[in-house]
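Below: my_file09.tsv (TSV, C-alpha atoms)
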chain	number	residue	atom	x	y	z
Y	1	MET	CA	-19.15	-1.70	7.52
Y	2	GLU	CA	-18.19	-5.31	8.42
Y	3	SER	CA	-19.44	-6.77	5.13
Y	4	TYR	CA	-20.48	-4.96	1.95
Y	5	ARG	CA	-22.75	-6.54	-0.68
Y	6	GLY	CA	-23.53	-5.29	-4.14
Y	7	ALA	CA	-21.72	-3.96	-7.15
Y	8	ARG	CA	-20.74	-0.47	-5.99
Y	9	THR	CA	-18.89	-0.88	-2.70
Y	10	ALA	CA	-15.30	0.30	-2.23
Y	11	LEU	CA	-12.60	0.13	0.42
Y	12	ILE	CA	-9.84	2.73	0.08
Y	13	VAL	CA	-6.63	2.30	2.05
Y	14	GLY	CA	-5.02	5.65	2.85
Y	15	ALA	CA	-6.68	8.94	3.82
Y	16	GLY	CA	-4.21	11.14	2.00
Y	17	VAL	CA	-4.78	13.40	-0.98
Y	18	GLY	CA	-5.43	10.63	-3.51
Y	19	GLY	CA	-7.49	8.43	-1.21
Y	20	LEU	CA	-9.87	11.18	-0.08
Y	21	THR	CA	-10.25	12.54	-3.62
Y	22	ALA	CA	-11.07	9.07	-4.93
Y	23	ALA	CA	-13.53	8.56	-2.07
Y	24	THR	CA	-15.43	11.75	-2.90
Y	25	ALA	CA	-15.40	11.10	-6.64
Y	26	LEU	CA	-16.75	7.57	-6.17
Y	27	ALA	CA	-19.34	8.55	-3.56
Y	28	ARG	CA	-20.70	11.27	-5.86
Y	29	ARG	CA	-21.35	8.52	-8.41
Y	30	GLY	CA	-23.29	6.36	-5.99
Y	31	TRP	CA	-20.56	4.19	-4.49
Y	32	GLN	CA	-20.63	3.17	-0.83
Y	33	VAL	CA	-17.11	4.01	0.33
Y	34	GLU	CA	-15.05	3.30	3.43
Y	35	VAL	CA	-11.58	4.81	3.89
Y	36	VAL	CA	-9.14	3.29	6.39
Y	37	GLU	CA	-5.99	5.06	7.52
Y	38	ILE	CA	-3.30	3.62	9.80
Y	39	GLY	CA	-2.34	7.08	11.09
Y	40	ALA	CA	-4.14	8.94	13.82
Y	41	ALA	CA	-6.91	11.41	12.98
Y	42	GLY	CA	-5.45	14.82	12.23
Y	43	ALA	CA	-1.91	13.53	11.68
Y	44	THR	CA	-0.22	14.79	8.51
Y	45	ALA	CA	3.35	14.51	7.23
Y	46	GLY	CA	5.19	17.75	6.42
Y	47	TRP	CA	4.13	21.36	6.54
Y	48	GLY	CA	2.77	22.23	3.14
Y	49	LEU	CA	2.45	21.38	-0.51
Y	50	CYS	CA	1.52	22.95	-3.82
Y	51	LEU	CA	-1.58	22.11	-5.82
Y	52	THR	CA	-0.66	22.88	-9.42
Y	53	GLY	CA	-3.14	23.55	-12.22
Y	54	PRO	CA	-4.03	19.92	-12.97
Y	55	ALA	CA	-4.90	19.39	-9.29
Y	56	LEU	CA	-7.10	22.49	-9.21
Y	57	ARG	CA	-8.81	21.44	-12.44
Y	58	ALA	CA	-9.70	18.02	-11.01
Y	59	LEU	CA	-10.77	19.52	-7.68
Y	60	ASP	CA	-12.92	22.09	-9.47
Y	61	GLU	CA	-14.90	19.27	-11.06
Y	62	LEU	CA	-15.60	18.00	-7.53
Y	63	GLY	CA	-16.55	21.46	-6.26
Y	64	LEU	CA	-13.42	21.74	-4.10
Y	65	ALA	CA	-11.14	24.21	-5.88
Y	66	ASP	CA	-12.55	27.36	-4.29
Y	67	ALA	CA	-12.38	25.84	-0.81
Y	68	CYS	CA	-8.69	25.07	-1.37
Y	69	LEU	CA	-8.01	28.54	-2.75
Y	70	ALA	CA	-9.70	30.07	0.30
Y	71	ALA	CA	-7.69	27.93	2.72
Y	72	GLY	CA	-4.34	28.43	0.95
Y	73	TYR	CA	-2.40	31.00	-1.07
Y	74	GLY	CA	-3.06	31.39	-4.79
Y	75	MET	CA	-0.07	31.83	-7.12
Y	76	SER	CA	0.76	31.75	-10.82
Y	77	VAL	CA	4.54	32.26	-11.10
Y	78	ILE	CA	7.69	30.28	-10.28
Y	79	THR	CA	10.75	32.56	-10.04
Y	80	GLN	CA	14.13	30.92	-10.62
Y	81	VAL	CA	17.11	32.63	-8.93
Y	82	ASP	CA	20.72	31.93	-9.94
Y	83	VAL	CA	23.68	31.06	-7.72
Y	84	ASP	CA	24.59	34.76	-7.35
Y	85	GLY	CA	21.10	35.70	-6.15
Y	86	GLY	CA	20.01	37.25	-9.45
Y	87	PHE	CA	16.99	36.57	-11.63
Y	88	ALA	CA	17.49	33.52	-13.85
Y	89	ASP	CA	14.10	32.52	-15.26
Y	90	GLU	CA	10.37	32.76	-14.70
Y	91	VAL	CA	7.70	30.14	-15.29
Y	92	ARG	CA	4.18	31.53	-15.71
Y	93	LEU	CA	1.91	28.57	-15.18
Y	94	PRO	CA	-1.26	28.04	-17.22
Y	95	ARG	CA	-4.48	29.06	-15.41
Y	96	LEU	CA	-6.56	25.94	-15.91
Y	97	ILE	CA	-9.66	26.96	-13.95
Y	98	GLY	CA	-10.16	30.39	-15.44
Y	99	ALA	CA	-8.21	33.57	-16.12
Y	100	GLU	CA	-9.51	35.20	-12.93
Y	101	ARG	CA	-8.34	32.39	-10.66
Y	102	PRO	CA	-4.73	31.48	-9.76
Y	103	ALA	CA	-2.75	28.83	-11.61
Y	104	MET	CA	-1.88	26.97	-8.40
Y	105	VAL	CA	-2.31	27.17	-4.64
Y	106	GLY	CA	0.10	26.56	-1.79
Y	107	MET	CA	-1.62	24.93	1.19
Y	108	ALA	CA	-0.82	23.71	4.66
Y	109	ARG	CA	-1.20	19.93	4.65
Y	110	PRO	CA	-3.58	19.90	7.64
Y	111	ALA	CA	-5.83	22.44	5.87
Y	112	LEU	CA	-5.93	20.35	2.69
Y	113	SER	CA	-6.58	17.14	4.62
Y	114	ARG	CA	-9.42	18.77	6.55
Y	115	THR	CA	-10.98	20.19	3.37
Y	116	LEU	CA	-10.88	16.87	1.53
Y	117	ARG	CA	-12.11	14.85	4.50
Y	118	GLU	CA	-15.05	17.14	5.23
Y	119	ARG	CA	-16.23	16.93	1.62
Y	120	ALA	CA	-15.82	13.13	1.58
Y	121	GLU	CA	-17.84	12.73	4.77
Y	122	ARG	CA	-20.57	15.04	3.45
Y	123	CYS	CA	-20.82	12.65	0.51
Y	124	GLY	CA	-21.39	9.74	2.89
Y	125	VAL	CA	-17.85	8.35	3.05
Y	126	VAL	CA	-16.87	6.66	6.33
Y	127	VAL	CA	-13.27	7.38	7.40
Y	128	GLN	CA	-11.63	5.20	10.06
Y	129	HIS	CA	-8.21	5.77	11.63
Y	130	GLY	CA	-5.78	3.38	13.29
Y	131	LEU	CA	-6.76	0.67	10.79
Y	132	THR	CA	-5.24	-0.87	7.69
Y	133	ILE	CA	-5.33	-4.15	5.77
Y	134	ALA	CA	-3.47	-7.39	6.45
Y	135	ALA	CA	-4.50	-9.75	3.63
Y	136	VAL	CA	-6.38	-9.69	0.32
Y	137	ASP	CA	-8.19	-12.46	-1.58
Y	138	GLN	CA	-10.17	-12.12	-4.78
Y	139	GLU	CA	-13.42	-14.08	-4.44
Y	140	GLY	CA	-15.29	-14.00	-7.73
Y	141	GLU	CA	-16.37	-10.43	-8.38
Y	142	GLN	CA	-15.58	-9.30	-4.84
Y	143	VAL	CA	-12.42	-8.73	-2.83
Y	144	ARG	CA	-12.23	-10.23	0.65
Y	145	VAL	CA	-9.99	-8.07	2.82
Y	146	GLN	CA	-8.71	-8.99	6.26
Y	147	MET	CA	-8.20	-5.90	8.39
Y	148	SER	CA	-5.46	-5.25	10.93
Y	149	ASP	CA	-8.02	-5.53	13.76
Y	150	GLY	CA	-9.09	-9.03	12.69
Y	151	THR	CA	-12.35	-7.99	11.00
Y	152	HIS	CA	-13.09	-8.56	7.33
Y	153	ARG	CA	-14.59	-6.61	4.44
Y	154	ARG	CA	-16.10	-7.91	1.21
Y	155	VAL	CA	-16.18	-5.18	-1.39
Y	156	ALA	CA	-16.40	-4.80	-5.14
Y	157	LEU	CA	-13.37	-2.50	-5.31
Y	158	LEU	CA	-10.14	-2.16	-3.33
Y	159	VAL	CA	-8.08	1.00	-3.84
Y	160	GLY	CA	-4.54	1.34	-2.48
Y	161	ALA	CA	-3.77	5.01	-1.89
Y	162	ASP	CA	-1.27	4.24	0.85
Y	163	GLY	CA	1.89	5.86	-0.43
Y	164	ILE	CA	5.25	4.95	-1.87
Y	165	ARG	CA	5.72	1.92	0.43
Y	166	SER	CA	2.19	0.71	-0.25
Y	167	SER	CA	0.97	-2.39	1.59
Y	168	VAL	CA	-1.86	-2.77	-0.93
Y	169	ARG	CA	0.63	-2.85	-3.80
Y	170	ARG	CA	2.55	-5.65	-2.08
Y	171	LEU	CA	-0.58	-7.63	-1.19
Y	172	LEU	CA	-1.81	-7.41	-4.79
Y	173	GLY	CA	1.56	-8.69	-6.00
Y	174	LEU	CA	2.40	-5.51	-7.91
Y	175	ASP	CA	6.11	-5.20	-7.24
Y	176	THR	CA	8.33	-2.20	-7.94
Y	177	SER	CA	11.50	-0.76	-6.48
Y	178	VAL	CA	11.77	2.41	-4.43
Y	179	GLU	CA	14.75	4.47	-5.56
Y	180	TYR	CA	16.79	6.96	-3.54
Y	181	HIS	CA	18.25	9.82	-5.59
Y	182	GLY	CA	21.08	11.12	-3.40
Y	183	GLN	CA	19.07	14.06	-2.05
Y	184	MET	CA	17.62	14.88	1.36
Y	185	VAL	CA	14.91	17.54	1.42
Y	186	TRP	CA	14.49	19.84	4.41
Y	187	ARG	CA	11.28	21.79	5.12
Y	188	ALA	CA	10.34	24.30	7.79
Y	189	LEU	CA	7.29	26.49	8.38
Y	190	VAL	CA	8.12	30.21	8.53
Y	191	PRO	CA	6.31	33.57	8.34
Y	192	ARG	CA	5.67	34.60	4.71
Y	193	PRO	CA	7.89	37.52	3.64
Y	194	PRO	CA	5.91	40.28	1.82
Y	195	TRP	CA	7.87	39.71	-1.40
Y	196	ALA	CA	6.92	36.00	-1.54
Y	197	THR	CA	3.82	36.08	-3.75
Y	198	GLY	CA	4.81	33.00	-5.77
Y	199	ILE	CA	7.23	30.10	-5.55
Y	200	HIS	CA	10.90	31.13	-5.41
Y	201	HIS	CA	13.57	28.60	-6.27
Y	202	PHE	CA	17.21	29.41	-5.46
Y	203	ALA	CA	20.09	27.64	-7.20
Y	204	GLY	CA	23.15	27.10	-5.05
Y	205	LYS	CA	26.72	26.10	-5.69
Y	206	VAL	CA	26.07	22.78	-3.92
Y	207	ASN	CA	22.41	22.62	-2.86
Y	208	THR	CA	19.15	24.27	-3.88
Y	209	ALA	CA	16.54	26.05	-1.76
Y	210	GLY	CA	13.14	27.60	-2.12
Y	211	LEU	CA	10.10	29.20	-0.55
Y	212	VAL	CA	6.42	28.33	-1.09
Y	213	PRO	CA	3.64	30.55	0.37
Y	214	ILE	CA	0.79	28.55	1.93
Y	215	SER	CA	-1.34	31.35	3.41
Y	216	ALA	CA	-1.35	35.13	3.78
Y	217	THR	CA	0.90	34.79	6.82
Y	218	GLN	CA	2.84	31.55	6.35
Y	219	ALA	CA	5.20	29.85	3.92
Y	220	TYR	CA	7.45	26.85	4.00
Y	221	VAL	CA	11.12	26.98	3.18
Y	222	PHE	CA	12.75	23.96	1.60
Y	223	LEU	CA	16.36	23.01	1.01
Y	224	THR	CA	17.49	20.12	-1.17
Y	225	GLU	CA	20.75	18.68	0.10
Y	226	ASN	CA	22.65	17.09	-2.78
Y	227	GLY	CA	24.99	14.11	-2.91
Y	228	VAL	CA	24.37	12.74	0.57
Y	229	PRO	CA	23.46	9.26	1.84
Y	230	GLN	CA	20.15	8.61	3.49
Y	231	SER	CA	20.43	9.39	7.17
Y	232	VAL	CA	18.46	10.44	10.24
Y	233	LEU	CA	19.59	13.37	12.40
Y	234	PRO	CA	18.56	14.03	16.01
Y	235	ASP	CA	15.67	16.47	16.24
Y	236	ALA	CA	17.79	18.92	18.23
Y	237	GLU	CA	20.24	19.26	15.32
Y	238	LEU	CA	17.72	19.99	12.57
Y	239	VAL	CA	17.17	23.75	13.00
Y	240	PRO	CA	20.88	24.64	13.44
Y	241	CYS	CA	21.89	22.35	10.55
Y	242	LEU	CA	19.31	23.86	8.20
Y	243	ARG	CA	20.42	27.38	9.12
Y	244	GLN	CA	24.02	26.39	8.42
Y	245	LEU	CA	23.15	24.92	5.01
Y	246	LEU	CA	21.29	28.11	4.08
Y	247	GLU	CA	24.37	30.24	4.84
Y	248	ALA	CA	25.82	29.37	1.43
Y	249	PHE	CA	23.05	31.24	-0.44
Y	250	PRO	CA	23.17	35.00	-1.12
Y	251	GLY	CA	20.35	37.53	-1.41
Y	252	ARG	CA	16.88	36.85	-0.10
Y	253	VAL	CA	17.82	33.47	1.33
Y	254	GLU	CA	19.55	35.34	4.14
Y	255	GLU	CA	16.14	36.68	5.19
Y	256	ILE	CA	14.65	33.21	4.96
Y	257	ARG	CA	17.52	31.85	7.05
Y	258	SER	CA	16.76	34.32	9.82
Y	259	LEU	CA	13.14	33.14	9.88
Y	260	VAL	CA	14.18	29.51	10.36
Y	261	ALA	CA	15.53	30.30	13.82
Y	262	GLY	CA	11.99	30.46	15.15
Y	263	ALA	CA	10.60	27.70	12.95
Y	264	THR	CA	8.47	24.89	14.23
Y	265	PRO	CA	10.23	21.48	14.11
Y	266	VAL	CA	12.06	20.95	10.84
Y	267	VAL	CA	11.25	17.97	8.59
Y	268	ARG	CA	14.08	16.17	6.73
Y	269	ARG	CA	13.17	13.42	4.27
Y	270	PRO	CA	14.92	11.46	1.46
Y	271	VAL	CA	13.99	12.05	-2.17
Y	272	LEU	CA	12.47	8.73	-3.21
Y	273	THR	CA	10.68	7.69	-6.38
Y	274	ALA	CA	8.73	4.66	-7.52
Y	275	LEU	CA	7.04	3.79	-10.79
Y	276	LEU	CA	4.97	0.69	-11.52
Y	277	ASP	CA	5.94	-0.67	-14.92
Y	278	GLY	CA	2.88	-2.33	-16.39
Y	279	SER	CA	-0.43	-2.94	-14.69
Y	280	TRP	CA	-1.50	-1.06	-11.56
Y	281	ASN	CA	-4.42	-3.42	-10.96
Y	282	ARG	CA	-5.02	-7.06	-10.20
Y	283	GLY	CA	-8.53	-8.48	-10.04
Y	284	THR	CA	-10.67	-5.66	-8.71
Y	285	GLY	CA	-7.86	-4.11	-6.71
Y	286	VAL	CA	-5.86	-1.09	-7.91
Y	287	VAL	CA	-3.22	1.30	-6.61
Y	288	ILE	CA	-3.18	5.05	-7.22
Y	289	GLY	CA	-1.07	8.08	-6.33
Y	290	ASP	CA	2.39	7.48	-4.87
Y	291	ALA	CA	1.61	3.77	-4.57
Y	292	ALA	CA	1.72	3.61	-8.39
Y	293	HIS	CA	3.92	6.57	-9.37
Y	294	ALA	CA	5.85	8.60	-6.82
Y	295	PRO	CA	7.81	11.48	-8.42
Y	296	ALA	CA	10.66	13.49	-6.96
Y	297	PRO	CA	9.43	16.81	-5.51
Y	298	GLN	CA	11.13	18.99	-8.13
Y	299	MET	CA	7.95	19.33	-10.21
Y	300	ALA	CA	5.69	19.94	-7.17
Y	301	SER	CA	3.12	17.73	-8.87
Y	302	GLY	CA	2.88	14.51	-6.88
Y	303	ALA	CA	-0.34	15.71	-5.27
Y	304	ALA	CA	-1.72	16.73	-8.67
Y	305	LEU	CA	-1.20	13.24	-10.08
Y	306	ALA	CA	-2.84	11.63	-7.03
Y	307	ILE	CA	-5.86	13.96	-7.22
Y	308	GLU	CA	-6.22	13.34	-10.96
Y	309	ASP	CA	-6.03	9.59	-10.31
Y	310	GLY	CA	-8.94	9.75	-7.89
Y	311	ALA	CA	-11.11	11.71	-10.30
Y	312	VAL	CA	-10.24	9.65	-13.38
Y	313	LEU	CA	-10.71	6.34	-11.53
Y	314	ALA	CA	-14.32	7.25	-10.74
Y	315	GLN	CA	-14.92	8.43	-14.31
Y	316	GLU	CA	-13.66	5.21	-15.91
Y	317	LEU	CA	-15.55	2.96	-13.51
Y	318	ASP	CA	-18.70	4.89	-14.43
Y	319	ARG	CA	-18.07	4.40	-18.15
Y	320	HIS	CA	-17.64	0.62	-18.10
Y	321	THR	CA	-20.00	-2.20	-17.29
Y	322	SER	CA	-17.41	-4.20	-15.33
Y	323	ILE	CA	-14.95	-3.05	-12.68
Y	324	GLY	CA	-12.10	-4.93	-14.37
Y	325	ALA	CA	-12.68	-3.11	-17.67
Y	326	GLY	CA	-12.93	0.21	-15.83
Y	327	LEU	CA	-9.64	-0.38	-14.04
Y	328	ASP	CA	-7.88	-1.37	-17.27
Y	329	ALA	CA	-9.14	1.81	-18.93
Y	330	PHE	CA	-8.07	3.90	-15.93
Y	331	VAL	CA	-4.51	2.57	-16.04
Y	332	SER	CA	-4.32	2.96	-19.82
Y	333	ARG	CA	-5.44	6.58	-19.53
Y	334	ARG	CA	-3.03	7.46	-16.71
Y	335	ALA	CA	0.17	5.45	-17.26
Y	336	GLN	CA	2.07	7.56	-19.81
Y	337	ARG	CA	1.16	10.89	-18.22
Y	338	CYS	CA	2.38	9.74	-14.81
Y	339	ARG	CA	5.53	8.17	-16.26
Y	340	THR	CA	6.39	11.45	-17.98
Y	341	LEU	CA	6.07	13.39	-14.74
Y	342	VAL	CA	8.13	10.91	-12.70
Y	343	GLU	CA	10.90	10.68	-15.29
Y	344	THR	CA	11.04	14.46	-15.74
Y	345	SER	CA	11.27	14.98	-11.98
Y	346	VAL	CA	14.19	12.56	-11.80
Y	347	ALA	CA	15.93	14.29	-14.72
Y	348	ILE	CA	15.60	17.65	-12.93
Y	349	ALA	CA	16.98	16.14	-9.72
Y	350	ASP	CA	19.98	14.84	-11.67
Y	351	LEU	CA	20.58	18.24	-13.28
Y	352	GLU	CA	20.43	19.95	-9.88
Y	353	GLN	CA	23.10	17.65	-8.52
Y	354	ALA	CA	25.26	18.29	-11.58
Y	355	GLN	CA	24.83	22.08	-11.07
Y	356	ARG	CA	23.29	22.36	-14.55
Y	357	HIS	CA	20.45	24.59	-13.44
Y	358	GLU	CA	20.03	26.39	-16.79
Y	359	GLU	CA	19.14	23.06	-18.38
Y	360	ALA	CA	16.57	22.30	-15.67
Y	361	TYR	CA	14.55	25.52	-16.10
Y	362	PRO	CA	13.13	24.72	-19.55
Y	363	LEU	CA	12.33	21.18	-18.42
Y	364	VAL	CA	10.23	22.55	-15.57
Y	365	ASP	CA	8.37	24.90	-17.91
Y	366	ALA	CA	7.80	22.27	-20.60
Y	367	CYS	CA	6.56	19.64	-18.17
Y	368	HIS	CA	4.08	22.01	-16.51
Y	369	ARG	CA	2.68	22.87	-19.93
Y	370	GLN	CA	2.45	19.20	-20.86
Y	371	MET	CA	0.60	18.47	-17.63
Y	372	ALA	CA	-1.82	21.32	-18.46
Y	373	ALA	CA	-3.14	19.30	-21.42
Y	374	PRO	CA	-6.47	17.51	-20.87
Y	375	VAL	CA	-6.17	14.41	-18.71

What does the file become when written as structure tokens?
Amino acid sequence: MESYRGARTALIVGAGVGGLTAATALARRGWQVEVVEIGAAGATAGWGLCLTGPALRALDELGLADACLAAGYGMSVITQVDVDGGFADEVRLPRLIGAERPAMVGMARPALSRTLRERAERCGVVVQHGLTIAAVDQEGEQVRVQMSDGTHRRVALLVGADGIRSSVRRLLGLDTSVEYHGQMVWRALVPRPPWATGIHHFAGKVNTAGLVPISATQAYVFLTENGVPQSVLPDAELVPCLRQLLEAFPGRVEEIRSLVAGATPVVRRPVLTALLDGSWNRGTGVVIGDAAHAPAPQMASGAALAIEDGAVLAQELDRHTSIGAGLDAFVSRRAQRCRTLVETSVAIADLEQAQRHEEAYPLVDACHRQMAAPV
């Protein structure tokens, strides 16, 4: 893998959802693909995530939807609960891969990573861990990439799928700001209560909380802490602090709170967004997923956008005679859709902090239906 020659060679930086999806989609179209990931093999951030309809639709085209449904928990409804613990609204999501299959699936992150990696490797993709890029130079129709271990790659295509603080984005000179939105999100893995057959979202008088099933036996609880500065708490304080924050919620949250006592280590992260304004590509390098458009988690669709990016990138490169034209077409096809999702997620985050939950519910419904439209 030291030096690639030819027109269909790709180096993807980041073995997350978008990077592995792009790797499989490209390899299925005859590309020789290497994925490098700075993190250790098997390491994932957070406990779980939700693959909404657009993600399942894109994965179905790659033959991966059923594997994800089998490894996760299929759902079709988001239940909104008001500050008094009563029913407030219900979002029935469009079933984009058939009426007999769920509209979305909750999955443990390790299970999703394993599913995507196994398919990529079966397609001939080489995945390397503990490695990233240090420098990039465009040399004619190829990109010369210096790796963190001192080796070099010459490839036709460089894809940055390395997250909101993307090194590839910086090395390509595609600058954007990362914005903090005054919210810290807590997550913990808990046993799935029998009543949790879909996503439940609980409005609070200060914060919001929720529960997402990820298997027949497990779910993750989340709490969005509003109006706080970015901060890091000692690990020993996370479980008791989360339990204390959940005390303010009535009804079923009390049951969830009791489950947190035995939770595995709690994750607490800031709500950050980023959105590239203009081109996502330079030369034959491009960024996808959170490196180009990182939404707030309120729409549970960041993974869906990244998965769609990987699939659409391969499609557009297949349709055009030059990589540059394919990348331009890819960005043109994706930019407005991704902007809409990011801006809607920020608007919902703002409404949550203003305690205007009734105004957020229709936004959630409308945006999910907009995202259900063809890519």

Next on the checklist: Using Å and a single decimal, report how far atom CA of Y:Val267 sits from atom CA of Y:His368.
Outcome noted: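 That distance, rounded to one decimal, is 26.4 Å.
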
Checklist entry - Which value, in Å to one decimal, gives the distance between atom CA of Y:Arg29 and atom CA of Y:Asp66? => result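 Result for atom CA of Y:Arg29 versus atom CA of Y:Asp66: 21.2 Å, one decimal.
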
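Closest to Y:Thr44 among Y:Val331, Y:Val105, Y:Ala291, Y:Leu112 is Y:Leu112, based on all atoms listed in the file.
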
Next on the checklist: Just to confirm, what's the straight-line distance from atom CA of Y:Pro193 to atom CA of Y:Ala209 in Å (one decimal)?
Outcome noted: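 Computing the Euclidean distance for atom CA of Y:Pro193 and atom CA of Y:Ala209 yields 15.3 Å.
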
Enumerate, in order of chain and increasing residue number, the residues of stretch 251-295 of chain Y with an atom no farther than 12 Å from stretch 142-155 of chain Y, each with its shortest atom pair and distance in Å to one decimal, counting all atoms listed in the file, as a Markdown table.
| residue | atom | partner | partner_atom | distance |
| --- | --- | --- | --- | --- |
| Y:Arg282 | CA | Y:Val143 | CA | 10.6 |
| Y:Gly283 | CA | Y:Val143 | CA | 8.2 |
| Y:Thr284 | CA | Y:Val143 | CA | 6.9 |
| Y:Gly285 | CA | Y:Val143 | CA | 7.6 |
| Y:Val286 | CA | Y:Val143 | CA | 11.3 |

Item to check | Spatial neighbours of Y:Ala65, max dist 7 Å, only C-alpha atoms, sep filter under 5 positions, as an NGL selection string | outcome: :Y and (56 or 59-60)

Could you write out that same residue set with C-alpha atoms as a tab-separated table (two decimals), in the frame of the given file?
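For reference, result_23.tsv as written:
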chain	number	residue	atom	x	y	z
Y	56	LEU	CA	-7.10	22.49	-9.21
Y	59	LEU	CA	-10.77	19.52	-7.68
Y	60	ASP	CA	-12.92	22.09	-9.47

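Residue nearest Y:Ser345, chosen from Y:Glu118, Y:Asp365, Y:Glu255, Y:Glu34 and counting all atoms listed in the file: Y:Asp365.
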
Next on the checklist: Set the distance at 7 Å and use all atoms listed in the file: which residues neighbour stretch 240-252 of chain Y once local chain neighbours fewer than 6 positions away are removed? I'd like the list as a PyMOL selection string.
Outcome noted: chain Y and resi 84-85+204+260

Mind writing the picked residues with C-alpha atoms as a short mmCIF file (atom, residue, chain, number, x, y, z; two decimals), in the coordinates of the input?
data_model
loop_
_atom_site.label_atom_id
_atom_site.label_comp_id
_atom_site.auth_asym_id
_atom_site.auth_seq_id
_atom_site.Cartn_x
_atom_site.Cartn_y
_atom_site.Cartn_z
CA ASP Y 84 24.59 34.76 -7.35
CA GLY Y 85 21.10 35.70 -6.15
CA GLY Y 204 23.15 27.10 -5.05
CA VAL Y 260 14.18 29.51 10.36
#

Next on the checklist: Give me the residues near Y:Asn281 as number ranges by chain, where near means some atom within 10 Å (using only C-alpha atoms) and where sequence neighbours in that chain fewer than 4 positions away do not count.
Outcome noted: Y: 158-160, 169, 172-174, 285-288, 292, 324, 327-328, 330-331

Checklist entry - Hey, which of Y:Ser301, Y:Thr21, Y:Thr208, Y:Gln128 ends up closest to Y:Thr52? Count only C-alpha atoms. => result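 Closest to Y:Thr52, using only C-alpha atoms: Y:Ser301.
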
Item to check | Near-Y:Met107 list (6 Å; all atoms listed in the file; drop same-chain fewer than 6 positions) as a PyMOL selection string | outcome: chain Y and resi 48-49+72+214

Atoms to include: C-alpha atoms. Write the selected residues as a PDB file, keeping the file's coordinate frame.
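Okay, part-v9.pdb is ready:
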ATOM      1  CA  GLY Y  48       2.770  22.230   3.140  1.00  0.00           C
ATOM      2  CA  LEU Y  49       2.450  21.380  -0.510  1.00  0.00           C
ATOM      3  CA  GLY Y  72      -4.340  28.430   0.950  1.00  0.00           C
ATOM      4  CA  ILE Y 214       0.790  28.550   1.930  1.00  0.00           C
TER       5      ILE Y 214
END

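Each of Y:His181, Y:His320, Y:Arg192, Y:Arg356 was checked against Y:Val271 using only C-alpha atoms; the smallest atom-to-atom distance is that of Y:His181.
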
Item to check | All residues 6 Å or closer to Y:Val13, all atoms listed in the file, same chain fewer than 4 positions away omitted, as a ChimeraX atom specification | outcome: /Y:35-36,160-162

Checklist entry - Pick from Y:Met104, Y:Ile97, Y:Ala58, Y:Ala15: nearest to Y:Ala314, with all atoms listed in the file counted? => result Y:Ala58

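Among the candidates Y:Ile256, Y:Leu116, Y:Ala366, Y:Val342, the one nearest to Y:Ala23 when counting all atoms listed in the file is Y:Leu116.
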
Padding 6 Å on every side, please: axis-aligned box over the listed atoms of stretch 333-343 of chain Y, centre and edge lengths to one decimal in Å, as lines of an AutoDock Vina configuration file.
center_x = 2.7
center_y = 9.4
center_z = -16.3
size_x = 28.3
size_y = 19.9
size_z = 19.1
